[in-house]
Amino acid sequence: MIPPSFDYHAPRTVQDAVGLLTQLGSDAKLLAGGHSLLPMMKLRFAQPAHLIDLNRIDELRGVTDHGDYVVIGAMTVENDLIESPVLRAKVPLLSEAATLIADPQVRNRGTIGGDIAHGDPANDHPALALALDASFSLQGPEGRRDVKADDFFLGIYTTALAEDEILVSIRVPAFAARTGWAYEKLKRKTGDWATAGAAVVLRLDAGVVSHVRIALTNVAPTAIRVATAEDALLGQALTDASINAAAEAAMAACDPAEDLRGDIEYKTAMAGQMLKRAIRAAAARC
């Protein structure tokens, strides 16, 4: 199908883009990589009167090293995450996980900010952001504000991003020494969304878990951080019993929607399996 007609805008600065959003209101939509919005427009599920293309705003791209943390421009594409020497050195989970997203064609165009701002529980970056303790810089007509990933994802396709705001950048703490990390994702085929996915960041001190963050993909109305699963590991040695306890806690937190990728029982079980794999893979990297 062909989308209905719309006016196209290509601002060169974030300030100009925010100005257009403020002026045009709910009649406008932002265009990043386009992999979510354009198919919806073709099917006429979305019919914006104005399309604001962010691709000409250079300040929204790139990865910057700030010592204890890394800042990633929201329009940075997946392939740039994979190839970034800064991320490989300081937050390697992001570089590796990006290789599991969609396929090479999509990774050439799809952006980290678009993935996050869309609020789709099947997208990968929301769970990664939760596991990484990331925060997001949002800019609107009143200026910028920072929102923790823990407070950003509110429900299916619903986030803390206001209608007149743009996600500008993602801030991620650099990994401390002896940090292990992993993202395990079950999908039916290359390019598909996850049936279930698990992101883990942990540290071991004398064989005992001293830090852990766990987040799950596509097993609830939004990506979820599972504090009960973290509690099952924190202060414990990594044994089959403690890993199984974390998986049980994670499965108890799941509330997946049944679809072609599986029913509720299957998706919940796979979330537990992906988490077990991710915990063991992360521990092997500590």
# chains A, B, ... in the order shown; residues from 1 in each chain; ligands from 1
$ residues_around --residues "stretch 175-178 of chain A" --least-positions-apart "2" --cutoff "8 Å" --atoms "only C-alpha atoms" --output "PyMOL selection string"
chain A and resi 90-91+173+180+203-204+285-286
$ write_last_selection --atoms "C-alpha atoms" --output "JSON list (two decimals), in the first residue's frame"
[["chain", "number", "residue", "atom", "x", "y", "z"],
["A", 90, "LYS", "CA", 34.23, 0.21, 27.62],
["A", 91, "VAL", "CA", 30.74, -1.29, 27.03],
["A", 173, "PRO", "CA", 28.47, 3.81, 32.58],
["A", 180, "GLY", "CA", 30.93, -9.93, 32.92],
["A", 203, "ARG", "CA", 30.68, -8.77, 38.77],
["A", 204, "LEU", "CA", 32.20, -11.44, 40.97],
["A", 285, "ARG", "CA", 33.89, -13.13, 31.21],
["A", 286, "CYS", "CA", 34.48, -11.88, 34.75]]
$ residues_around --residues "A:Pro92" --least-positions-apart "6" --cutoff "9 Å" --atoms "only C-alpha atoms" --output "CSV table (one decimal) with C-alpha atoms, in the first residue's frame"
chain,number,residue,atom,x,y,z
A,82,ILE,CA,29.3,-2.8,16.4
A,86,VAL,CA,35.1,3.0,22.4
A,175,PHE,CA,32.3,-1.3,32.8
A,181,TRP,CA,28.2,-9.4,30.4
$ atom_distance --atom1 "atom CA of A:Val212" --atom2 "atom CA of A:Asn79"
27.3 Å
$ residues_around --residues "A:Lys185" --least-positions-apart "5" --cutoff "8 Å" --atoms "only C-alpha atoms" --output "ChimeraX atom specification"
/A:100,194-198,274
$ write_last_selection --atoms "C-alpha atoms" --output "PDB file, in the first residue's frame"
ATOM      1  CA  LEU A 100      22.071  -9.954  16.984  1.00  0.00           C
ATOM      2  CA  ALA A 194      13.174 -12.236  19.943  1.00  0.00           C
ATOM      3  CA  THR A 195      10.870 -14.961  21.173  1.00  0.00           C
ATOM      4  CA  ALA A 196      12.601 -14.158  24.462  1.00  0.00           C
ATOM      5  CA  GLY A 197      15.861 -12.471  25.375  1.00  0.00           C
ATOM      6  CA  ALA A 198      17.933 -11.874  28.499  1.00  0.00           C
ATOM      7  CA  MET A 274      17.946 -17.482  27.974  1.00  0.00           C
TER       8      MET A 274
END
$ select_by_dssp --residues "stretch 1-232 of chain A" --states "alpha helix (DSSP H)" --output "PyMOL selection string"
chain A and resi 14-24+37-42+78-83+85-90+92-98+104-109+112-117+125-131+149-152+227-232
$ closest_residue --among "A:Pro11, A:Gly207, A:Gly19, A:Gly191" --to "A:Ile101" --atoms "only C-alpha atoms"
A:Gly191
$ closest_residue --among "A:Ala237, A:Ala257, A:Leu31, A:Ala174" --to "A:Ala89" --atoms "only C-alpha atoms"
A:Ala174
$ closest_residue --among "A:Asp7, A:Glu59, A:Glu165, A:Asp255" --to "A:Ala117" --atoms "only C-alpha atoms"
A:Glu165
$ residues_around --residues "A:Arg109" --least-positions-apart "6" --cutoff "8 Å" --atoms "only C-alpha atoms" --output "list in words"
Gly33, Val77 and Glu78 of chain A
$ closest_residue --among "A:Ile2, A:Val14, A:Gly119, A:Val219" --to "A:Asp263" --atoms "only C-alpha atoms"
A:Val219
$ residues_around --residues "A:Ala271" --least-positions-apart "4" --cutoff "10 Å" --atoms "only C-alpha atoms" --output "MDAnalysis selection string"
chainID A and resid 184:186 195:198 216:219 247:248 250:251 254 256 266:267 275:276
$ write_last_selection --atoms "C-alpha atoms" --output "short mmCIF file (atom, residue, chain, number, x, y, z; two decimals), in the first residue's frame"
data_model
loop_
_atom_site.label_atom_id
_atom_site.label_comp_id
_atom_site.auth_asym_id
_atom_site.auth_seq_id
_atom_site.Cartn_x
_atom_site.Cartn_y
_atom_site.Cartn_z
CA GLU A 184 21.13 -14.26 24.91
CA LYS A 185 18.30 -14.10 22.41
CA LEU A 186 16.07 -16.83 20.99
CA THR A 195 10.87 -14.96 21.17
CA ALA A 196 12.60 -14.16 24.46
CA GLY A 197 15.86 -12.47 25.37
CA ALA A 198 17.93 -11.87 28.50
CA LEU A 216 14.33 -9.35 29.68
CA THR A 217 13.14 -8.75 26.12
CA ASN A 218 9.64 -9.45 24.71
CA VAL A 219 8.15 -11.29 27.67
CA ALA A 247 15.58 -18.13 36.37
CA GLU A 248 12.51 -19.08 38.42
CA ALA A 250 12.52 -14.17 36.14
CA MET A 251 9.85 -16.52 34.82
CA CYS A 254 7.03 -12.66 32.80
CA PRO A 256 4.20 -12.31 27.51
CA TYR A 266 6.68 -21.45 25.93
CA LYS A 267 7.84 -17.84 25.95
CA LEU A 275 18.67 -16.06 31.42
CA LYS A 276 20.54 -19.19 32.53
#
$ atom_distance --atom1 "atom CA of A:Leu130" --atom2 "atom CA of A:Ile214"
7.7 Å
$ residues_around --residues "A:Ala49" --least-positions-apart "4" --cutoff "10 Å" --atoms "only C-alpha atoms" --output "list of chain:residue names"
A:Pro4, A:Ser5, A:Phe6, A:Asp7, A:Tyr8, A:Leu24, A:Ser26, A:Asp27, A:Ala28, A:Lys29
$ residues_around --residues "A:Ser169" --least-positions-apart "5" --cutoff "9 Å" --atoms "only C-alpha atoms" --output "list in words"
Leu60, Arg61, Val71, Ile72, Gly73, Ala74, Met75, Gly113, Ser135, Phe136, Ser137 and Leu138 of chain A
$ write_last_selection --atoms "N, CA and C atoms" --output "mmCIF file, in the first residue's frame"
data_model
loop_
_atom_site.group_PDB
_atom_site.id
_atom_site.type_symbol
_atom_site.label_atom_id
_atom_site.label_comp_id
_atom_site.auth_asym_id
_atom_site.auth_seq_id
_atom_site.Cartn_x
_atom_site.Cartn_y
_atom_site.Cartn_z
ATOM 1 N N LEU A 60 23.448 14.372 16.451
ATOM 2 C CA LEU A 60 22.772 13.219 17.026
ATOM 3 C C LEU A 60 23.493 11.903 16.742
ATOM 4 N N ARG A 61 24.663 11.972 16.115
ATOM 5 C CA ARG A 61 25.392 10.749 15.759
ATOM 6 C C ARG A 61 26.717 10.664 16.505
ATOM 7 N N VAL A 71 28.811 8.329 25.919
ATOM 8 C CA VAL A 71 27.592 8.956 25.403
ATOM 9 C C VAL A 71 27.426 8.556 23.942
ATOM 10 N N ILE A 72 26.234 8.098 23.612
ATOM 11 C CA ILE A 72 25.926 7.631 22.258
ATOM 12 C C ILE A 72 24.812 8.500 21.691
ATOM 13 N N GLY A 73 25.063 9.123 20.547
ATOM 14 C CA GLY A 73 24.033 9.903 19.889
ATOM 15 C C GLY A 73 22.870 9.028 19.468
ATOM 16 N N ALA A 74 21.661 9.539 19.615
ATOM 17 C CA ALA A 74 20.467 8.729 19.369
ATOM 18 C C ALA A 74 20.352 8.258 17.925
ATOM 19 N N MET A 75 20.945 8.979 16.975
ATOM 20 C CA MET A 75 20.863 8.592 15.567
ATOM 21 C C MET A 75 22.048 7.726 15.127
ATOM 22 N N GLY A 113 18.551 5.121 19.011
ATOM 23 C CA GLY A 113 17.512 5.983 19.571
ATOM 24 C C GLY A 113 16.129 5.618 19.089
ATOM 25 N N SER A 135 20.976 5.976 31.002
ATOM 26 C CA SER A 135 20.035 7.089 31.142
ATOM 27 C C SER A 135 19.921 7.787 29.792
ATOM 28 N N PHE A 136 18.808 8.476 29.582
ATOM 29 C CA PHE A 136 18.505 9.084 28.296
ATOM 30 C C PHE A 136 18.359 10.594 28.443
ATOM 31 N N SER A 137 18.959 11.321 27.509
ATOM 32 C CA SER A 137 18.822 12.774 27.474
ATOM 33 C C SER A 137 17.715 13.132 26.496
ATOM 34 N N LEU A 138 16.695 13.823 26.993
ATOM 35 C CA LEU A 138 15.536 14.209 26.189
ATOM 36 C C LEU A 138 15.506 15.721 26.074
#
